[in-house]
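Coordinates from model30.pdb are shown below (PDB, N, CA and C atoms, pLDDT in the B column).
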ATOM      1  N   MET A   1     -10.874   9.328  -8.194  1.00 90.00           N
ATOM      2  CA  MET A   1     -10.498   7.928  -8.304  1.00 90.00           C
ATOM      3  C   MET A   1      -9.534   7.583  -7.171  1.00 90.00           C
ATOM      4  N   VAL A   2      -9.677   6.401  -6.642  1.00 92.00           N
ATOM      5  CA  VAL A   2      -8.858   5.941  -5.517  1.00 92.00           C
ATOM      6  C   VAL A   2      -7.848   4.917  -6.013  1.00 92.00           C
ATOM      7  N   LYS A   3      -6.632   5.012  -5.492  1.00 93.00           N
ATOM      8  CA  LYS A   3      -5.584   4.046  -5.814  1.00 93.00           C
ATOM      9  C   LYS A   3      -5.044   3.443  -4.532  1.00 93.00           C
ATOM     10  N   LEU A   4      -4.577   2.214  -4.650  1.00 94.00           N
ATOM     11  CA  LEU A   4      -3.825   1.575  -3.569  1.00 94.00           C
ATOM     12  C   LEU A   4      -2.360   1.738  -3.934  1.00 94.00           C
ATOM     13  N   ARG A   5      -1.619   2.478  -3.118  1.00 93.00           N
ATOM     14  CA  ARG A   5      -0.217   2.709  -3.441  1.00 93.00           C
ATOM     15  C   ARG A   5       0.631   2.785  -2.189  1.00 93.00           C
ATOM     16  N   LEU A   6       1.954   2.860  -2.392  1.00 93.00           N
ATOM     17  CA  LEU A   6       2.902   2.869  -1.286  1.00 93.00           C
ATOM     18  C   LEU A   6       3.145   4.288  -0.797  1.00 93.00           C
ATOM     19  N   LYS A   7       3.280   4.419   0.518  1.00 92.00           N
ATOM     20  CA  LYS A   7       3.595   5.692   1.144  1.00 92.00           C
ATOM     21  C   LYS A   7       4.851   5.475   1.979  1.00 92.00           C
ATOM     22  N   ARG A   8       5.892   6.237   1.698  1.00 92.00           N
ATOM     23  CA  ARG A   8       7.187   6.018   2.345  1.00 92.00           C
ATOM     24  C   ARG A   8       7.169   6.501   3.791  1.00 92.00           C
ATOM     25  N   CYS A   9       7.703   5.658   4.680  1.00 91.00           N
ATOM     26  CA  CYS A   9       7.874   5.984   6.094  1.00 91.00           C
ATOM     27  C   CYS A   9       9.279   5.539   6.492  1.00 91.00           C
ATOM     28  N   GLY A  10       9.604   5.670   7.732  1.00 91.00           N
ATOM     29  CA  GLY A  10      10.912   5.233   8.199  1.00 91.00           C
ATOM     30  C   GLY A  10      11.937   6.334   8.101  1.00 91.00           C
ATOM     31  N   ARG A  11      13.181   5.981   8.381  1.00 92.00           N
ATOM     32  CA  ARG A  11      14.234   6.995   8.358  1.00 92.00           C
ATOM     33  C   ARG A  11      15.093   6.866   7.110  1.00 92.00           C
ATOM     34  N   LYS A  12      16.107   7.703   7.021  1.00 92.00           N
ATOM     35  CA  LYS A  12      16.984   7.736   5.868  1.00 92.00           C
ATOM     36  C   LYS A  12      17.710   6.396   5.717  1.00 92.00           C
ATOM     37  N   GLN A  13      17.777   5.890   4.494  1.00 92.00           N
ATOM     38  CA  GLN A  13      18.424   4.620   4.159  1.00 92.00           C
ATOM     39  C   GLN A  13      17.750   3.411   4.823  1.00 92.00           C
ATOM     40  N   ARG A  14      16.580   3.587   5.401  1.00 93.00           N
ATOM     41  CA  ARG A  14      15.882   2.504   6.106  1.00 93.00           C
ATOM     42  C   ARG A  14      14.380   2.654   5.855  1.00 93.00           C
ATOM     43  N   ALA A  15      14.006   2.605   4.595  1.00 93.00           N
ATOM     44  CA  ALA A  15      12.621   2.873   4.217  1.00 93.00           C
ATOM     45  C   ALA A  15      11.697   1.722   4.595  1.00 93.00           C
ATOM     46  N   VAL A  16      10.516   2.097   5.052  1.00 95.00           N
ATOM     47  CA  VAL A  16       9.403   1.189   5.276  1.00 95.00           C
ATOM     48  C   VAL A  16       8.215   1.836   4.571  1.00 95.00           C
ATOM     49  N   TYR A  17       7.402   1.056   3.927  1.00 95.00           N
ATOM     50  CA  TYR A  17       6.297   1.602   3.149  1.00 95.00           C
ATOM     51  C   TYR A  17       4.966   1.148   3.721  1.00 95.00           C
ATOM     52  N   ARG A  18       4.033   2.089   3.829  1.00 94.00           N
ATOM     53  CA  ARG A  18       2.661   1.757   4.171  1.00 94.00           C
ATOM     54  C   ARG A  18       1.882   1.610   2.878  1.00 94.00           C
ATOM     55  N   ILE A  19       1.015   0.638   2.840  1.00 95.00           N
ATOM     56  CA  ILE A  19       0.113   0.490   1.698  1.00 95.00           C
ATOM     57  C   ILE A  19      -1.167   1.225   2.081  1.00 95.00           C
ATOM     58  N   VAL A  20      -1.518   2.234   1.303  1.00 94.00           N
ATOM     59  CA  VAL A  20      -2.644   3.098   1.657  1.00 94.00           C
ATOM     60  C   VAL A  20      -3.607   3.225   0.483  1.00 94.00           C
ATOM     61  N   ALA A  21      -4.853   3.502   0.820  1.00 93.00           N
ATOM     62  CA  ALA A  21      -5.846   3.898  -0.177  1.00 93.00           C
ATOM     63  C   ALA A  21      -5.840   5.416  -0.187  1.00 93.00           C
ATOM     64  N   ILE A  22      -5.578   6.004  -1.353  1.00 92.00           N
ATOM     65  CA  ILE A  22      -5.384   7.445  -1.437  1.00 92.00           C
ATOM     66  C   ILE A  22      -5.977   7.957  -2.743  1.00 92.00           C
ATOM     67  N   ASP A  23      -6.395   9.210  -2.739  1.00 91.00           N
ATOM     68  CA  ASP A  23      -6.921   9.836  -3.942  1.00 91.00           C
ATOM     69  C   ASP A  23      -5.789  10.028  -4.954  1.00 91.00           C
ATOM     70  N   VAL A  24      -6.084   9.884  -6.214  1.00 88.00           N
ATOM     71  CA  VAL A  24      -5.079   9.947  -7.278  1.00 88.00           C
ATOM     72  C   VAL A  24      -4.367  11.299  -7.299  1.00 88.00           C
ATOM     73  N   ARG A  25      -5.075  12.362  -6.986  1.00 88.00           N
ATOM     74  CA  ARG A  25      -4.504  13.699  -7.096  1.00 88.00           C
ATOM     75  C   ARG A  25      -3.593  14.061  -5.920  1.00 88.00           C
ATOM     76  N   SER A  26      -3.529  13.219  -4.887  1.00 81.00           N
ATOM     77  CA  SER A  26      -2.707  13.517  -3.717  1.00 81.00           C
ATOM     78  C   SER A  26      -1.245  13.178  -3.955  1.00 81.00           C
ATOM     79  N   ARG A  27      -0.367  13.817  -3.192  1.00 78.00           N
ATOM     80  CA  ARG A  27       1.056  13.519  -3.263  1.00 78.00           C
ATOM     81  C   ARG A  27       1.338  12.171  -2.614  1.00 78.00           C
ATOM     82  N   ARG A  28       2.596  11.715  -2.718  1.00 72.00           N
ATOM     83  CA  ARG A  28       2.971  10.430  -2.131  1.00 72.00           C
ATOM     84  C   ARG A  28       2.791  10.459  -0.616  1.00 72.00           C
ATOM     85  N   GLU A  29       3.159  11.561   0.033  1.00 76.00           N
ATOM     86  CA  GLU A  29       3.005  11.674   1.476  1.00 76.00           C
ATOM     87  C   GLU A  29       1.733  12.437   1.855  1.00 76.00           C
ATOM     88  N   GLY A  30       0.791  12.536   0.940  1.00 79.00           N
ATOM     89  CA  GLY A  30      -0.440  13.276   1.200  1.00 79.00           C
ATOM     90  C   GLY A  30      -1.366  12.536   2.154  1.00 79.00           C
ATOM     91  N   LYS A  31      -2.494  13.146   2.424  1.00 85.00           N
ATOM     92  CA  LYS A  31      -3.491  12.575   3.332  1.00 85.00           C
ATOM     93  C   LYS A  31      -4.114  11.333   2.695  1.00 85.00           C
ATOM     94  N   ASP A  32      -4.060  10.210   3.421  1.00 86.00           N
ATOM     95  CA  ASP A  32      -4.625   8.976   2.879  1.00 86.00           C
ATOM     96  C   ASP A  32      -6.034   8.754   3.416  1.00 86.00           C
ATOM     97  N   LEU A  33      -6.800   7.960   2.683  1.00 91.00           N
ATOM     98  CA  LEU A  33      -8.149   7.621   3.111  1.00 91.00           C
ATOM     99  C   LEU A  33      -8.125   6.547   4.197  1.00 91.00           C
ATOM    100  N   ARG A  34      -7.245   5.552   4.016  1.00 93.00           N
ATOM    101  CA  ARG A  34      -7.152   4.458   4.990  1.00 93.00           C
ATOM    102  C   ARG A  34      -5.842   3.720   4.802  1.00 93.00           C
ATOM    103  N   LYS A  35      -5.240   3.313   5.901  1.00 94.00           N
ATOM    104  CA  LYS A  35      -4.035   2.486   5.851  1.00 94.00           C
ATOM    105  C   LYS A  35      -4.490   1.030   5.766  1.00 94.00           C
ATOM    106  N   VAL A  36      -3.995   0.312   4.758  1.00 94.00           N
ATOM    107  CA  VAL A  36      -4.469  -1.053   4.563  1.00 94.00           C
ATOM    108  C   VAL A  36      -3.354  -2.095   4.662  1.00 94.00           C
ATOM    109  N   GLY A  37      -2.112  -1.665   4.886  1.00 95.00           N
ATOM    110  CA  GLY A  37      -1.041  -2.643   4.999  1.00 95.00           C
ATOM    111  C   GLY A  37       0.303  -1.990   5.226  1.00 95.00           C
ATOM    112  N   LEU A  38       1.323  -2.840   5.338  1.00 95.00           N
ATOM    113  CA  LEU A  38       2.687  -2.395   5.584  1.00 95.00           C
ATOM    114  C   LEU A  38       3.633  -3.297   4.809  1.00 95.00           C
ATOM    115  N   TYR A  39       4.679  -2.700   4.232  1.00 96.00           N
ATOM    116  CA  TYR A  39       5.683  -3.458   3.488  1.00 96.00           C
ATOM    117  C   TYR A  39       7.060  -3.011   3.935  1.00 96.00           C
ATOM    118  N   ASP A  40       7.866  -3.972   4.402  1.00 95.00           N
ATOM    119  CA  ASP A  40       9.238  -3.700   4.831  1.00 95.00           C
ATOM    120  C   ASP A  40      10.183  -4.417   3.874  1.00 95.00           C
ATOM    121  N   PRO A  41      10.817  -3.682   2.937  1.00 93.00           N
ATOM    122  CA  PRO A  41      11.684  -4.341   1.962  1.00 93.00           C
ATOM    123  C   PRO A  41      12.991  -4.866   2.559  1.00 93.00           C
ATOM    124  N   MET A  42      13.430  -4.320   3.670  1.00 93.00           N
ATOM    125  CA  MET A  42      14.663  -4.793   4.299  1.00 93.00           C
ATOM    126  C   MET A  42      14.489  -6.201   4.872  1.00 93.00           C
ATOM    127  N   LYS A  43      13.368  -6.414   5.540  1.00 93.00           N
ATOM    128  CA  LYS A  43      13.067  -7.731   6.121  1.00 93.00           C
ATOM    129  C   LYS A  43      12.231  -8.590   5.183  1.00 93.00           C
ATOM    130  N   ASN A  44      11.789  -7.995   4.068  1.00 92.00           N
ATOM    131  CA  ASN A  44      10.938  -8.657   3.084  1.00 92.00           C
ATOM    132  C   ASN A  44       9.661  -9.191   3.735  1.00 92.00           C
ATOM    133  N   GLN A  45       9.018  -8.350   4.544  1.00 93.00           N
ATOM    134  CA  GLN A  45       7.781  -8.707   5.221  1.00 93.00           C
ATOM    135  C   GLN A  45       6.642  -7.837   4.716  1.00 93.00           C
ATOM    136  N   THR A  46       5.469  -8.439   4.631  1.00 94.00           N
ATOM    137  CA  THR A  46       4.281  -7.724   4.197  1.00 94.00           C
ATOM    138  C   THR A  46       3.149  -8.038   5.159  1.00 94.00           C
ATOM    139  N   TYR A  47       2.495  -7.001   5.659  1.00 95.00           N
ATOM    140  CA  TYR A  47       1.321  -7.145   6.508  1.00 95.00           C
ATOM    141  C   TYR A  47       0.158  -6.503   5.780  1.00 95.00           C
ATOM    142  N   LEU A  48      -0.908  -7.269   5.567  1.00 95.00           N
ATOM    143  CA  LEU A  48      -2.045  -6.782   4.786  1.00 95.00           C
ATOM    144  C   LEU A  48      -3.345  -6.959   5.557  1.00 95.00           C
ATOM    145  N   ASN A  49      -4.238  -5.988   5.440  1.00 94.00           N
ATOM    146  CA  ASN A  49      -5.600  -6.100   5.950  1.00 94.00           C
ATOM    147  C   ASN A  49      -6.462  -6.501   4.749  1.00 94.00           C
ATOM    148  N   VAL A  50      -6.529  -7.793   4.498  1.00 94.00           N
ATOM    149  CA  VAL A  50      -7.120  -8.320   3.265  1.00 94.00           C
ATOM    150  C   VAL A  50      -8.596  -7.949   3.099  1.00 94.00           C
ATOM    151  N   PRO A  51      -9.455  -8.048   4.130  1.00 94.00           N
ATOM    152  CA  PRO A  51     -10.858  -7.675   3.898  1.00 94.00           C
ATOM    153  C   PRO A  51     -11.035  -6.224   3.462  1.00 94.00           C
ATOM    154  N   VAL A  52     -10.250  -5.320   4.023  1.00 95.00           N
ATOM    155  CA  VAL A  52     -10.356  -3.909   3.642  1.00 95.00           C
ATOM    156  C   VAL A  52      -9.836  -3.702   2.227  1.00 95.00           C
ATOM    157  N   ILE A  53      -8.750  -4.394   1.859  1.00 94.00           N
ATOM    158  CA  ILE A  53      -8.211  -4.279   0.505  1.00 94.00           C
ATOM    159  C   ILE A  53      -9.227  -4.779  -0.513  1.00 94.00           C
ATOM    160  N   LEU A  54      -9.842  -5.922  -0.245  1.00 94.00           N
ATOM    161  CA  LEU A  54     -10.855  -6.448  -1.160  1.00 94.00           C
ATOM    162  C   LEU A  54     -12.049  -5.515  -1.277  1.00 94.00           C
ATOM    163  N   ASN A  55     -12.419  -4.873  -0.167  1.00 95.00           N
ATOM    164  CA  ASN A  55     -13.526  -3.916  -0.187  1.00 95.00           C
ATOM    165  C   ASN A  55     -13.200  -2.737  -1.107  1.00 95.00           C
ATOM    166  N   PHE A  56     -11.979  -2.199  -1.010  1.00 94.00           N
ATOM    167  CA  PHE A  56     -11.591  -1.086  -1.884  1.00 94.00           C
ATOM    168  C   PHE A  56     -11.529  -1.535  -3.338  1.00 94.00           C
ATOM    169  N   LEU A  57     -11.028  -2.751  -3.594  1.00 94.00           N
ATOM    170  CA  LEU A  57     -10.950  -3.238  -4.971  1.00 94.00           C
ATOM    171  C   LEU A  57     -12.342  -3.431  -5.571  1.00 94.00           C
ATOM    172  N   GLU A  58     -13.306  -3.902  -4.770  1.00 94.00           N
ATOM    173  CA  GLU A  58     -14.675  -4.071  -5.254  1.00 94.00           C
ATOM    174  C   GLU A  58     -15.316  -2.729  -5.604  1.00 94.00           C
ATOM    175  N   LYS A  59     -14.917  -1.690  -4.875  1.00 94.00           N
ATOM    176  CA  LYS A  59     -15.479  -0.358  -5.130  1.00 94.00           C
ATOM    177  C   LYS A  59     -14.787   0.353  -6.280  1.00 94.00           C
ATOM    178  N   GLY A  60     -13.757  -0.260  -6.878  1.00 94.00           N
ATOM    179  CA  GLY A  60     -13.143   0.310  -8.064  1.00 94.00           C
ATOM    180  C   GLY A  60     -11.766   0.899  -7.865  1.00 94.00           C
ATOM    181  N   ALA A  61     -11.141   0.689  -6.716  1.00 94.00           N
ATOM    182  CA  ALA A  61      -9.789   1.207  -6.506  1.00 94.00           C
ATOM    183  C   ALA A  61      -8.804   0.443  -7.385  1.00 94.00           C
ATOM    184  N   GLN A  62      -7.814   1.152  -7.912  1.00 95.00           N
ATOM    185  CA  GLN A  62      -6.804   0.551  -8.779  1.00 95.00           C
ATOM    186  C   GLN A  62      -5.474   0.465  -8.040  1.00 95.00           C
ATOM    187  N   PRO A  63      -4.881  -0.728  -7.912  1.00 95.00           N
ATOM    188  CA  PRO A  63      -3.556  -0.821  -7.298  1.00 95.00           C
ATOM    189  C   PRO A  63      -2.471  -0.406  -8.288  1.00 95.00           C
ATOM    190  N   THR A  64      -1.403   0.185  -7.775  1.00 94.00           N
ATOM    191  CA  THR A  64      -0.257   0.499  -8.626  1.00 94.00           C
ATOM    192  C   THR A  64       0.461  -0.808  -8.947  1.00 94.00           C
ATOM    193  N   GLY A  65       1.427  -0.754  -9.838  1.00 95.00           N
ATOM    194  CA  GLY A  65       2.132  -1.960 -10.250  1.00 95.00           C
ATOM    195  C   GLY A  65       2.825  -2.666  -9.105  1.00 95.00           C
ATOM    196  N   THR A  66       3.514  -1.917  -8.260  1.00 94.00           N
ATOM    197  CA  THR A  66       4.233  -2.517  -7.132  1.00 94.00           C
ATOM    198  C   THR A  66       3.276  -3.124  -6.129  1.00 94.00           C
ATOM    199  N   VAL A  67       2.207  -2.420  -5.819  1.00 94.00           N
ATOM    200  CA  VAL A  67       1.220  -2.941  -4.869  1.00 94.00           C
ATOM    201  C   VAL A  67       0.547  -4.179  -5.443  1.00 94.00           C
ATOM    202  N   GLN A  68       0.285  -4.181  -6.733  1.00 94.00           N
ATOM    203  CA  GLN A  68      -0.329  -5.351  -7.359  1.00 94.00           C
ATOM    204  C   GLN A  68       0.591  -6.568  -7.254  1.00 94.00           C
ATOM    205  N   ASN A  69       1.899  -6.370  -7.444  1.00 94.00           N
ATOM    206  CA  ASN A  69       2.847  -7.468  -7.287  1.00 94.00           C
ATOM    207  C   ASN A  69       2.865  -7.983  -5.855  1.00 94.00           C
ATOM    208  N   LEU A  70       2.811  -7.085  -4.867  1.00 94.00           N
ATOM    209  CA  LEU A  70       2.784  -7.499  -3.462  1.00 94.00           C
ATOM    210  C   LEU A  70       1.516  -8.284  -3.142  1.00 94.00           C
ATOM    211  N   LEU A  71       0.386  -7.845  -3.698  1.00 93.00           N
ATOM    212  CA  LEU A  71      -0.875  -8.543  -3.454  1.00 93.00           C
ATOM    213  C   LEU A  71      -0.877  -9.924  -4.105  1.00 93.00           C
ATOM    214  N   LYS A  72      -0.249 -10.042  -5.282  1.00 93.00           N
ATOM    215  CA  LYS A  72      -0.167 -11.346  -5.933  1.00 93.00           C
ATOM    216  C   LYS A  72       0.687 -12.310  -5.123  1.00 93.00           C
ATOM    217  N   LYS A  73       1.821 -11.822  -4.609  1.00 92.00           N
ATOM    218  CA  LYS A  73       2.693 -12.670  -3.787  1.00 92.00           C
ATOM    219  C   LYS A  73       1.993 -13.132  -2.522  1.00 92.00           C
ATOM    220  N   ALA A  74       1.136 -12.271  -1.958  1.00 91.00           N
ATOM    221  CA  ALA A  74       0.416 -12.622  -0.746  1.00 91.00           C
ATOM    222  C   ALA A  74      -0.796 -13.506  -1.018  1.00 91.00           C
ATOM    223  N   GLY A  75      -1.173 -13.654  -2.287  1.00 91.00           N
ATOM    224  CA  GLY A  75      -2.289 -14.533  -2.636  1.00 91.00           C
ATOM    225  C   GLY A  75      -3.644 -13.884  -2.514  1.00 91.00           C
ATOM    226  N   VAL A  76      -3.723 -12.571  -2.616  1.00 88.00           N
ATOM    227  CA  VAL A  76      -5.018 -11.885  -2.520  1.00 88.00           C
ATOM    228  C   VAL A  76      -5.836 -12.133  -3.785  1.00 88.00           C
ATOM    229  N   PHE A  77      -5.179 -12.161  -4.945  1.00 80.00           N
ATOM    230  CA  PHE A  77      -5.886 -12.416  -6.204  1.00 80.00           C
ATOM    231  C   PHE A  77      -5.910 -13.923  -6.460  1.00 80.00           C
ATOM    232  N   LYS A  78      -7.037 -14.547  -6.183  1.00 72.00           N
ATOM    233  CA  LYS A  78      -7.170 -15.992  -6.434  1.00 72.00           C
ATOM    234  C   LYS A  78      -8.332 -16.249  -7.344  1.00 72.00           C
TER
END

Will you turn the file into structure tokens for me?
Amino acid sequence: MVKLRLKRCGRKQRAVYRIVAIDVRSRREGKDLRKVGLYDPMKNQTYLNVPVILNFLEKGAQPTGTVQNLLKKAGVFK
């Protein structure tokens, strides 16, 4: 099963998160299938590749709670 979830990047005390499609059994920093976005909580910016995200959702990928909230704020679920 594939999930859309956050993968931590950046340095100490300055986290930036990539939104990735990843297998459920993988670790947080494990090998991802595809990078589909970026979230910077310090600047409160979100960059999304919407067509790829919709493609994964159509194929049955499940977003985590945080990713689902980010997608709702960006207007992906209409």

**Prompt:** Which neighbours of segment 68-74 of chain A fall inside 8 Å, counting only N, CA and C atoms, when residues of the same chain fewer than 3 positions from it are skipped, and could you give them as an NGL selection string?
**Reply:** :A and (4-5 or 46 or 62-65 or 77-78)

Go ahead and write the residues just picked, N, CA and C atoms, as an mmCIF file, in the coordinates of the input.
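To be explicit, this is the file written out as result26.cif:
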data_model
loop_
_atom_site.group_PDB
_atom_site.id
_atom_site.type_symbol
_atom_site.label_atom_id
_atom_site.label_comp_id
_atom_site.auth_asym_id
_atom_site.auth_seq_id
_atom_site.Cartn_x
_atom_site.Cartn_y
_atom_site.Cartn_z
ATOM 1 N N LEU A 4 -4.577 2.214 -4.650
ATOM 2 C CA LEU A 4 -3.825 1.575 -3.569
ATOM 3 C C LEU A 4 -2.360 1.738 -3.934
ATOM 4 N N ARG A 5 -1.619 2.478 -3.118
ATOM 5 C CA ARG A 5 -0.217 2.709 -3.441
ATOM 6 C C ARG A 5 0.631 2.785 -2.189
ATOM 7 N N THR A 46 5.469 -8.439 4.631
ATOM 8 C CA THR A 46 4.281 -7.724 4.197
ATOM 9 C C THR A 46 3.149 -8.038 5.159
ATOM 10 N N GLN A 62 -7.814 1.152 -7.912
ATOM 11 C CA GLN A 62 -6.804 0.551 -8.779
ATOM 12 C C GLN A 62 -5.474 0.465 -8.040
ATOM 13 N N PRO A 63 -4.881 -0.728 -7.912
ATOM 14 C CA PRO A 63 -3.556 -0.821 -7.298
ATOM 15 C C PRO A 63 -2.471 -0.406 -8.288
ATOM 16 N N THR A 64 -1.403 0.185 -7.775
ATOM 17 C CA THR A 64 -0.257 0.499 -8.626
ATOM 18 C C THR A 64 0.461 -0.808 -8.947
ATOM 19 N N GLY A 65 1.427 -0.754 -9.838
ATOM 20 C CA GLY A 65 2.132 -1.960 -10.250
ATOM 21 C C GLY A 65 2.825 -2.666 -9.105
ATOM 22 N N PHE A 77 -5.179 -12.161 -4.945
ATOM 23 C CA PHE A 77 -5.886 -12.416 -6.204
ATOM 24 C C PHE A 77 -5.910 -13.923 -6.460
ATOM 25 N N LYS A 78 -7.037 -14.547 -6.183
ATOM 26 C CA LYS A 78 -7.170 -15.992 -6.434
ATOM 27 C C LYS A 78 -8.332 -16.249 -7.344
#

Residues selected by the PyMOL selection byres (((chain A and resi 59 and name CA) around 12) and name CA), written as a compact mmCIF listing (two decimals) with N, CA and C atoms, keeping the file's coordinate frame:
# COMPACT_ATOMS: atom_id res chain seq x y z
N MET A 1 -10.87 9.33 -8.19
CA MET A 1 -10.50 7.93 -8.30
C MET A 1 -9.53 7.58 -7.17
N VAL A 2 -9.68 6.40 -6.64
CA VAL A 2 -8.86 5.94 -5.52
C VAL A 2 -7.85 4.92 -6.01
N LYS A 3 -6.63 5.01 -5.49
CA LYS A 3 -5.58 4.05 -5.81
C LYS A 3 -5.04 3.44 -4.53
N LEU A 4 -4.58 2.21 -4.65
CA LEU A 4 -3.82 1.58 -3.57
C LEU A 4 -2.36 1.74 -3.93
N ALA A 21 -4.85 3.50 0.82
CA ALA A 21 -5.85 3.90 -0.18
C ALA A 21 -5.84 5.42 -0.19
N VAL A 52 -10.25 -5.32 4.02
CA VAL A 52 -10.36 -3.91 3.64
C VAL A 52 -9.84 -3.70 2.23
N ILE A 53 -8.75 -4.39 1.86
CA ILE A 53 -8.21 -4.28 0.50
C ILE A 53 -9.23 -4.78 -0.51
N LEU A 54 -9.84 -5.92 -0.24
CA LEU A 54 -10.86 -6.45 -1.16
C LEU A 54 -12.05 -5.52 -1.28
N ASN A 55 -12.42 -4.87 -0.17
CA ASN A 55 -13.53 -3.92 -0.19
C ASN A 55 -13.20 -2.74 -1.11
N PHE A 56 -11.98 -2.20 -1.01
CA PHE A 56 -11.59 -1.09 -1.88
C PHE A 56 -11.53 -1.54 -3.34
N LEU A 57 -11.03 -2.75 -3.59
CA LEU A 57 -10.95 -3.24 -4.97
C LEU A 57 -12.34 -3.43 -5.57
N GLU A 58 -13.31 -3.90 -4.77
CA GLU A 58 -14.68 -4.07 -5.25
C GLU A 58 -15.32 -2.73 -5.60
N GLY A 60 -13.76 -0.26 -6.88
CA GLY A 60 -13.14 0.31 -8.06
C GLY A 60 -11.77 0.90 -7.86
N ALA A 61 -11.14 0.69 -6.72
CA ALA A 61 -9.79 1.21 -6.51
C ALA A 61 -8.80 0.44 -7.38
N GLN A 62 -7.81 1.15 -7.91
CA GLN A 62 -6.80 0.55 -8.78
C GLN A 62 -5.47 0.46 -8.04

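Of the residues in chain A, those given alpha helix (DSSP H) by DSSP on the backbone are Val50, Pro51, Val52, Ile53, Leu54, Asn55, Phe56, Leu57, Glu58, Gly65, Thr66, Val67, Gln68, Asn69, Leu70, Leu71, Lys72, Lys73 and Ala74 of chain A.
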
List the residues selected by the PyMOL selection byres ((chain A and resi 18) around 6.5) in the file shown, writing them as a PDB file with N, CA and C atoms, in the coordinates of the input.
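To be explicit, this is the file written out as selection.pdb:
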ATOM      1  N   ARG A   5      -1.619   2.478  -3.118  1.00 93.00           N
ATOM      2  CA  ARG A   5      -0.217   2.709  -3.441  1.00 93.00           C
ATOM      3  C   ARG A   5       0.631   2.785  -2.189  1.00 93.00           C
ATOM      4  N   LEU A   6       1.954   2.860  -2.392  1.00 93.00           N
ATOM      5  CA  LEU A   6       2.902   2.869  -1.286  1.00 93.00           C
ATOM      6  C   LEU A   6       3.145   4.288  -0.797  1.00 93.00           C
ATOM      7  N   LYS A   7       3.280   4.419   0.518  1.00 92.00           N
ATOM      8  CA  LYS A   7       3.595   5.692   1.144  1.00 92.00           C
ATOM      9  C   LYS A   7       4.851   5.475   1.979  1.00 92.00           C
ATOM     10  N   ARG A   8       5.892   6.237   1.698  1.00 92.00           N
ATOM     11  CA  ARG A   8       7.187   6.018   2.345  1.00 92.00           C
ATOM     12  C   ARG A   8       7.169   6.501   3.791  1.00 92.00           C
ATOM     13  N   CYS A   9       7.703   5.658   4.680  1.00 91.00           N
ATOM     14  CA  CYS A   9       7.874   5.984   6.094  1.00 91.00           C
ATOM     15  C   CYS A   9       9.279   5.539   6.492  1.00 91.00           C
ATOM     16  N   VAL A  16      10.516   2.097   5.052  1.00 95.00           N
ATOM     17  CA  VAL A  16       9.403   1.189   5.276  1.00 95.00           C
ATOM     18  C   VAL A  16       8.215   1.836   4.571  1.00 95.00           C
ATOM     19  N   TYR A  17       7.402   1.056   3.927  1.00 95.00           N
ATOM     20  CA  TYR A  17       6.297   1.602   3.149  1.00 95.00           C
ATOM     21  C   TYR A  17       4.966   1.148   3.721  1.00 95.00           C
ATOM     22  N   ILE A  19       1.015   0.638   2.840  1.00 95.00           N
ATOM     23  CA  ILE A  19       0.113   0.490   1.698  1.00 95.00           C
ATOM     24  C   ILE A  19      -1.167   1.225   2.081  1.00 95.00           C
ATOM     25  N   VAL A  20      -1.518   2.234   1.303  1.00 94.00           N
ATOM     26  CA  VAL A  20      -2.644   3.098   1.657  1.00 94.00           C
ATOM     27  C   VAL A  20      -3.607   3.225   0.483  1.00 94.00           C
ATOM     28  N   VAL A  36      -3.995   0.312   4.758  1.00 94.00           N
ATOM     29  CA  VAL A  36      -4.469  -1.053   4.563  1.00 94.00           C
ATOM     30  C   VAL A  36      -3.354  -2.095   4.662  1.00 94.00           C
ATOM     31  N   GLY A  37      -2.112  -1.665   4.886  1.00 95.00           N
ATOM     32  CA  GLY A  37      -1.041  -2.643   4.999  1.00 95.00           C
ATOM     33  C   GLY A  37       0.303  -1.990   5.226  1.00 95.00           C
ATOM     34  N   LEU A  38       1.323  -2.840   5.338  1.00 95.00           N
ATOM     35  CA  LEU A  38       2.687  -2.395   5.584  1.00 95.00           C
ATOM     36  C   LEU A  38       3.633  -3.297   4.809  1.00 95.00           C
ATOM     37  N   TYR A  39       4.679  -2.700   4.232  1.00 96.00           N
ATOM     38  CA  TYR A  39       5.683  -3.458   3.488  1.00 96.00           C
ATOM     39  C   TYR A  39       7.060  -3.011   3.935  1.00 96.00           C
TER      40      TYR A  39
END

**Complete:** Expressed in Å, the length from atom CA of Glu29 of chain A to atom CA of Lys12 of chain A is 15.2 Å

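When atom CA of Leu48 of chain A is paired with atom CA of Lys31 of chain A, their separation reads 19.5 Å.
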
**Residues flagged strand (DSSP E) by DSSP in segment 12-70 of chain A, as a list in words** = Arg14, Ala15, Val16, Tyr17, Arg18, Ile19, Val20, Ala21, Ile22, Asp23, Arg34, Lys35, Val36, Gly37, Leu38, Tyr39, Asp40, Gln45, Thr46, Tyr47, Leu48, Gln62 and Pro63 of chain A

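Relative to atom CA of Asp32 of chain A, atom CA of Gln45 of chain A is found at 21.7 Å.
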